[in-house]
$ cat coords.txt   # compact mmCIF, C-alpha atoms
# COMPACT_ATOMS: atom_id res chain seq x y z
CA MET A 138 18.21 -37.11 -13.91
CA LEU A 139 21.01 -35.45 -11.96
CA ASP A 140 24.41 -36.09 -13.51
CA VAL A 141 26.42 -37.03 -10.40
CA THR A 142 29.71 -37.25 -12.23
CA THR A 143 29.76 -33.50 -12.84
CA LEU A 144 29.16 -32.78 -9.14
CA SER A 145 31.43 -35.31 -7.50
CA SER A 146 34.04 -32.71 -6.73
CA PRO A 147 33.25 -30.60 -3.65
CA GLY A 148 34.45 -27.46 -5.40
CA GLU A 149 31.84 -27.91 -8.11
CA VAL A 150 28.84 -28.14 -5.76
CA SER A 151 27.27 -24.67 -5.82
CA LEU A 152 23.72 -23.37 -5.92
CA PHE A 153 24.01 -22.57 -9.60
CA SER A 154 25.48 -25.96 -10.49
CA LEU A 155 22.76 -27.67 -8.46
CA PHE A 156 20.12 -25.76 -10.40
CA VAL A 157 21.73 -26.45 -13.79
CA GLN A 158 22.03 -30.19 -13.14
CA ALA A 159 18.65 -30.55 -11.43
CA HIS A 160 15.71 -32.39 -12.93
CA ILE A 161 13.31 -30.25 -14.99
CA VAL A 162 10.62 -30.66 -12.31
CA VAL A 163 12.92 -29.29 -9.62
CA LYS A 164 13.96 -26.46 -11.93
CA LEU A 165 10.32 -25.46 -12.36
CA VAL A 166 9.82 -25.58 -8.59
CA VAL A 167 12.88 -23.41 -8.01
CA LEU A 168 11.93 -20.87 -10.69
CA GLY A 169 8.36 -20.71 -9.38
CA LEU A 170 9.52 -20.09 -5.82
CA ILE A 171 11.99 -17.42 -6.92
CA ALA A 172 9.27 -15.66 -8.92
CA ALA A 173 6.86 -15.88 -5.96
CA SER A 174 9.51 -14.46 -3.64
CA ILE A 175 10.25 -11.52 -5.97
CA TRP A 176 6.54 -10.73 -6.38
CA THR A 177 6.04 -11.04 -2.62
CA TRP A 178 8.69 -8.44 -1.90
CA ALA A 179 7.27 -6.17 -4.60
CA ILE A 180 3.84 -6.32 -2.94
CA ILE A 181 5.36 -5.74 0.51
CA PHE A 182 7.18 -2.63 -0.68
CA GLU A 183 4.18 -1.27 -2.62
CA LYS A 184 1.71 -1.83 0.24
CA THR A 185 4.05 -0.43 2.90
CA VAL A 186 4.46 2.79 0.93
CA ALA A 187 0.75 2.96 0.05
CA TYR A 188 -0.40 2.48 3.65
CA ARG A 189 2.04 5.07 4.93
CA ARG A 190 0.77 7.52 2.30
CA THR A 191 -2.84 6.68 3.22
CA ARG A 192 -2.26 7.40 6.90
CA THR A 193 -0.63 10.72 6.01
CA GLN A 194 -3.58 11.68 3.79
CA MET A 195 -6.05 10.76 6.52
CA ASP A 196 -4.16 12.80 9.11
CA ARG A 197 -4.11 15.77 6.74
CA PHE A 198 -7.82 15.48 5.96
CA GLU A 199 -8.82 15.18 9.63
CA LYS A 200 -6.79 18.24 10.46
CA VAL A 201 -8.63 20.25 7.80
CA PHE A 202 -12.04 18.75 8.61
CA TRP A 203 -11.87 19.54 12.31
CA SER A 204 -10.34 23.00 11.78
CA GLY A 205 -13.80 24.56 11.49
CA HIS A 206 -14.04 24.94 7.71
CA SER A 207 -17.49 24.89 6.16
CA LEU A 208 -18.58 21.45 4.97
CA GLU A 209 -19.79 22.95 1.69
CA GLU A 210 -16.48 24.69 1.12
CA LEU A 211 -14.49 21.54 1.91
CA HIS A 212 -16.72 19.51 -0.40
CA ARG A 213 -16.20 21.96 -3.28
CA SER A 214 -12.43 21.78 -2.84
CA LEU A 215 -12.42 17.96 -2.92
CA ALA A 216 -15.22 17.13 -5.35
CA ALA A 217 -13.11 17.62 -8.49
CA ARG A 218 -10.18 15.58 -7.17
CA SER A 219 -9.46 11.87 -7.18
CA ASN A 220 -10.00 11.04 -3.51
CA ALA A 221 -9.30 8.00 -1.40
CA THR A 222 -10.15 6.65 2.05
CA MET A 223 -11.46 9.40 4.37
CA ALA A 224 -11.73 12.12 1.72
CA ALA A 225 -13.61 9.73 -0.58
CA LEU A 226 -15.94 8.85 2.29
CA PHE A 227 -16.66 12.53 2.98
CA VAL A 228 -17.25 13.39 -0.68
CA ALA A 229 -19.60 10.43 -1.20
CA ALA A 230 -21.63 11.32 1.90
CA MET A 231 -21.83 15.01 0.97
CA ARG A 232 -22.87 14.15 -2.60
CA GLU A 233 -25.78 12.06 -1.32
CA TRP A 234 -26.65 14.76 1.24
CA LYS A 235 -26.80 17.44 -1.43
CA ARG A 236 -28.70 15.21 -3.86
CA SER A 237 -31.35 14.49 -1.22
CA HIS A 238 -31.88 18.19 -0.54
CA GLU A 239 -31.95 19.07 -4.23
CA THR A 240 -34.71 16.51 -4.84
CA GLY A 241 -36.71 17.93 -1.94
CA ALA A 242 -36.43 14.88 0.34
CA MET A 243 -38.30 15.68 3.53
CA SER A 244 -37.84 12.51 5.58
CA MET A 245 -35.01 13.04 8.06
CA MET A 246 -34.69 9.31 8.69
CA GLY A 247 -34.64 8.58 4.95
CA VAL A 248 -31.85 11.07 4.27
CA GLN A 249 -29.85 9.79 7.24
CA SER A 250 -30.26 6.19 6.12
CA ARG A 251 -29.17 6.89 2.54
CA VAL A 252 -26.10 8.81 3.65
CA GLU A 253 -25.08 5.99 6.00
CA LYS A 254 -25.55 3.39 3.26
CA VAL A 255 -23.39 5.44 0.89
CA MET A 256 -20.67 5.64 3.53
CA ASP A 257 -20.90 1.88 4.17
CA VAL A 258 -20.49 1.18 0.45
CA THR A 259 -17.53 3.56 0.25
CA ILE A 260 -15.85 1.92 3.23
CA ALA A 261 -16.33 -1.52 1.65
CA ARG A 262 -14.86 -0.26 -1.64
CA GLU A 263 -11.86 1.29 0.10
CA SER A 264 -11.33 -1.87 2.15
CA ALA A 265 -11.29 -4.00 -1.01
CA ARG A 266 -8.81 -1.62 -2.64
CA LEU A 267 -6.49 -1.62 0.36
CA GLU A 268 -6.62 -5.40 0.71
CA SER A 269 -5.95 -6.11 -2.97
CA ARG A 270 -3.05 -8.52 -3.55
CA LEU A 271 -2.78 -9.37 0.15
CA LEU A 272 -4.38 -12.71 -0.68
CA PHE A 273 -1.32 -13.51 -2.78
CA LEU A 274 0.88 -13.12 0.32
CA ALA A 275 -1.39 -15.47 2.27
CA THR A 276 -1.28 -17.98 -0.59
CA VAL A 277 2.51 -17.88 -0.84
CA GLY A 278 2.83 -18.15 2.93
CA SER A 279 0.73 -21.30 3.05
CA ALA A 280 1.67 -22.96 -0.25
CA ALA A 281 5.40 -22.20 -0.70
CA PRO A 282 6.64 -24.65 1.99
CA PHE A 283 4.65 -27.47 0.37
CA ILE A 284 5.90 -26.56 -3.08
CA GLY A 285 9.44 -26.62 -1.71
CA LEU A 286 8.67 -29.96 -0.06
CA PHE A 287 7.57 -31.30 -3.42
CA GLY A 288 10.98 -30.31 -4.82
CA THR A 289 12.58 -31.96 -1.80
CA VAL A 290 10.80 -35.25 -2.42
CA TRP A 291 11.77 -35.13 -6.07
CA GLY A 292 15.41 -34.50 -5.14
CA ILE A 293 15.43 -37.48 -2.81
CA MET A 294 13.94 -39.60 -5.57
CA THR A 295 16.82 -38.43 -7.77
CA SER A 296 19.27 -39.55 -5.08
CA PHE A 297 17.79 -43.04 -5.00
CA GLN A 298 17.91 -43.20 -8.79
CA ALA A 299 21.59 -42.23 -8.63
CA ILE A 300 22.22 -44.99 -6.10
CA ALA A 301 20.47 -47.53 -8.31
CA ALA A 302 22.36 -46.38 -11.41
CA SER A 303 25.80 -46.44 -9.77
CA GLU A 304 25.13 -49.43 -7.51
CA SER A 305 26.94 -47.54 -4.79
CA THR A 306 25.86 -45.89 -1.52
CA ASN A 307 28.88 -43.59 -1.51
CA LEU A 308 28.05 -40.12 -0.15
CA ALA A 309 29.41 -38.55 -3.33
CA VAL A 310 26.66 -40.33 -5.24
CA VAL A 311 23.71 -39.24 -3.07
CA ALA A 312 24.97 -35.84 -1.90
CA PRO A 313 24.02 -33.86 -5.04
CA GLY A 314 20.43 -35.11 -4.95
CA ILE A 315 20.13 -34.39 -1.23
CA ALA A 316 21.61 -30.92 -1.70
CA GLU A 317 19.14 -30.33 -4.54
CA ALA A 318 16.32 -31.39 -2.22
CA LEU A 319 17.44 -29.10 0.61
CA PHE A 320 17.84 -26.23 -1.87
CA ALA A 321 14.18 -26.52 -2.84
CA THR A 322 13.14 -26.65 0.82
CA ALA A 323 15.18 -23.56 1.65
CA LEU A 324 13.65 -21.61 -1.23
CA GLY A 325 10.18 -22.59 -0.10
CA LEU A 326 10.86 -21.24 3.38
CA LEU A 327 12.57 -18.17 1.94
CA ALA A 328 9.39 -17.30 0.06
CA ALA A 329 6.93 -18.29 2.80
CA ILE A 330 8.39 -16.66 5.92
CA PRO A 331 8.41 -13.03 4.66
CA ALA A 332 4.98 -13.57 3.07
CA VAL A 333 3.42 -14.73 6.36
CA ILE A 334 5.01 -11.96 8.42
CA ALA A 335 4.09 -9.29 5.88
CA TYR A 336 0.52 -10.57 5.51
CA ASN A 337 -0.07 -10.36 9.26
CA LYS A 338 1.48 -6.89 9.52
CA LEU A 339 -0.26 -5.44 6.46
CA SER A 340 -3.62 -6.97 7.42
CA SER A 341 -3.28 -5.30 10.81
CA ASP A 342 -2.51 -1.97 9.10
CA VAL A 343 -5.62 -2.31 6.90
CA SER A 344 -7.76 -3.11 9.93
CA LYS A 345 -6.55 0.03 11.71
CA ILE A 346 -7.30 2.16 8.64
CA ILE A 347 -10.80 0.69 8.33
CA VAL A 348 -11.46 1.31 12.03
CA ARG A 349 -10.51 4.97 11.52
CA LEU A 350 -12.83 5.19 8.52
CA GLU A 351 -15.72 3.67 10.45
CA GLY A 352 -15.07 6.03 13.36
CA PHE A 353 -15.09 9.04 11.04
CA ALA A 354 -18.29 7.77 9.36
CA ASP A 355 -20.01 7.60 12.75
CA GLU A 356 -18.84 11.09 13.71
CA PHE A 357 -19.82 12.57 10.36
CA SER A 358 -23.20 10.85 10.50
CA ALA A 359 -23.80 12.46 13.91
CA ILE A 360 -22.90 15.89 12.47
CA LEU A 361 -25.33 15.48 9.59
CA SER A 362 -28.00 14.22 11.96
CA ARG A 363 -27.70 17.37 14.07
CA GLN A 364 -27.95 19.52 10.95
CA LEU A 365 -31.08 17.67 9.88
CA GLU A 366 -32.66 18.23 13.26
CA GLU A 367 -31.83 21.93 13.11
CA ARG A 368 -33.45 22.27 9.69
CA SER A 369 -36.57 20.27 10.55
$ encode --input "coords.txt" --output "structure tokens"
Amino acid sequence: MLDVTTLSSPGEVSLFSLFVQAHIVVKLVVLGLIAASIWTWAIIFEKTVAYRRTRTQMDRFEKVFWSGHSLEELHRSLAARSNATMAALFVAAMREWKRSHETGAMSMMGVQSRVEKVMDVTIARESARLESRLLFLATVGSAAPFIGLFGTVWGIMTSFQAIAASESTNLAVVAPGIAEALFATALGLLAAIPAVIAYNKLSSDVSKIIVRLEGFADEFSAILSRQLEERS
């Protein structure tokens, strides 16, 4: 229970003193919200940098792809590398294209269908990679206010216990518990607000990247289709 005697002086009421004197349940709530907030900002920073790097890589690849280089030459230059997003999509499609020709596949529709399926699988894999850990932001955004509210309720219960113990309704008796409750609420909002904003922004960024991948897959599929028609 909160020791009100140590917090009766206004000069002693600080965030740290509130945490030190808080009930163990409220301490766990506070520590959990602080940890969630730190991890949220780590994910925001990591994803912001990763998505910016991904867009740069896609711009670079598209510039090379549409510059008129041979598809075989571009594939050879990328096949030995660790590729992502658009380059990974191109390499996967070219690998299936070459495998089909090496095995003597004659059906134009069959080759086209297999290449498109490979590209669909690659897009799904890249989407899952890009969206990893975004669910944590959504979870923090929805759960943190309620976790903070739980700490708030517990702080108010502490205030009533202090009133019952001191048999006094003096503000100095109930203020520490109320401050403890509001502290938990504030931390809940502090963790939730950035998480919600970041989740919406980063989800939008992922959607734009996936749309670009799907657009490139359609264009590349059309190129391969024309080549199949020329060879048939």
$ residues_around --input "coords.txt" --residues "A:Tyr336" --least-positions-apart "2" --cutoff "8 Å" --atoms "all atoms listed in the file" --output "ChimeraX atom specification"
/A:271,274-275,332-334,338-340
$ residues_around --input "coords.txt" --residues "A:Leu215" --least-positions-apart "2" --cutoff "10 Å" --atoms "all atoms listed in the file" --output "MDAnalysis selection string"
chainID A and resid 210:213 217:220 224:225 227:228
$ closest_residue --input "coords.txt" --among "A:Leu168, A:Ala216, A:Leu226, A:Arg197" --to "A:Leu350" --atoms "only C-alpha atoms"
A:Leu226
$ atom_distance --input "coords.txt" --atom1 "atom CA of A:Ser214" --atom2 "atom CA of A:Gln364"
20.9 Å
$ closest_atom_pairs --input "coords.txt" --of "stretch 209-283 of chain A" --to "stretch 170-189 of chain A" --cutoff "12 Å" --atoms "only C-alpha atoms" --output "tab-separated table"
residue	atom	partner	partner_atom	distance
A:Ala221	CA	A:Ala187	CA	11.3
A:Thr222	CA	A:Tyr188	CA	10.7
A:Ser264	CA	A:Tyr188	CA	11.9
A:Arg266	CA	A:Lys184	CA	10.9
A:Leu267	CA	A:Tyr188	CA	8.0
A:Glu268	CA	A:Lys184	CA	9.1
A:Ser269	CA	A:Lys184	CA	9.3
A:Arg270	CA	A:Ile180	CA	7.3
A:Leu271	CA	A:Ile180	CA	7.9
A:Leu272	CA	A:Ile180	CA	10.7
A:Phe273	CA	A:Thr177	CA	7.8
A:Leu274	CA	A:Thr177	CA	6.3
A:Ala275	CA	A:Thr177	CA	9.9
A:Thr276	CA	A:Ala173	CA	10.0
A:Val277	CA	A:Ala173	CA	7.0
A:Gly278	CA	A:Thr177	CA	9.6
A:Ala280	CA	A:Leu170	CA	10.0
A:Ala281	CA	A:Leu170	CA	6.9
A:Pro282	CA	A:Leu170	CA	9.5
A:Phe283	CA	A:Leu170	CA	10.8
$ residues_near_point --input "coords.txt" --point "(-19.2, 4.8, 6.7)" --cutoff "10 Å" --atoms "only C-alpha atoms" --output "list in words"
Met223, Leu226, Phe227, Ala229, Ala230, Val252, Glu253, Lys254, Val255, Met256, Asp257, Val258, Thr259, Ile260, Ala261, Ile347, Arg349, Leu350, Glu351, Gly352, Phe353, Ala354, Asp355, Glu356, Phe357 and Ser358 of chain A
$ atom_distance --input "coords.txt" --atom1 "atom CA of A:Leu208" --atom2 "atom CA of A:Val348"
22.5 Å
$ atom_distance --input "coords.txt" --atom1 "atom CA of A:Met294" --atom2 "atom CA of A:Gly169"
20.1 Å
$ axis_aligned_box --input "coords.txt" --around "stretch 257-263 of chain A" --padding-each-side "8 Å" --output "AutoDock Vina command-line options"
--center_x -16.4 --center_y 1.0 --center_z 1.3 --size_x 25.0 --size_y 21.1 --size_z 21.8
$ residues_near_point --input "coords.txt" --point "(10.8, -35.9, -4.0)" --cutoff "12 Å" --atoms "all atoms listed in the file" --output "list of chain:residue names"
A:His160, A:Val162, A:Val163, A:Val166, A:Phe283, A:Ile284, A:Gly285, A:Leu286, A:Phe287, A:Gly288, A:Thr289, A:Val290, A:Trp291, A:Gly292, A:Ile293, A:Met294, A:Thr295, A:Ser296, A:Phe297, A:Gln298, A:Gly314, A:Ile315, A:Glu317, A:Ala318, A:Leu319, A:Ala321, A:Thr322
$ closest_residue --input "coords.txt" --among "A:Gln249, A:Asn337, A:Gln194, A:Ser207" --to "A:Ala359" --atoms "only C-alpha atoms"
A:Gln249
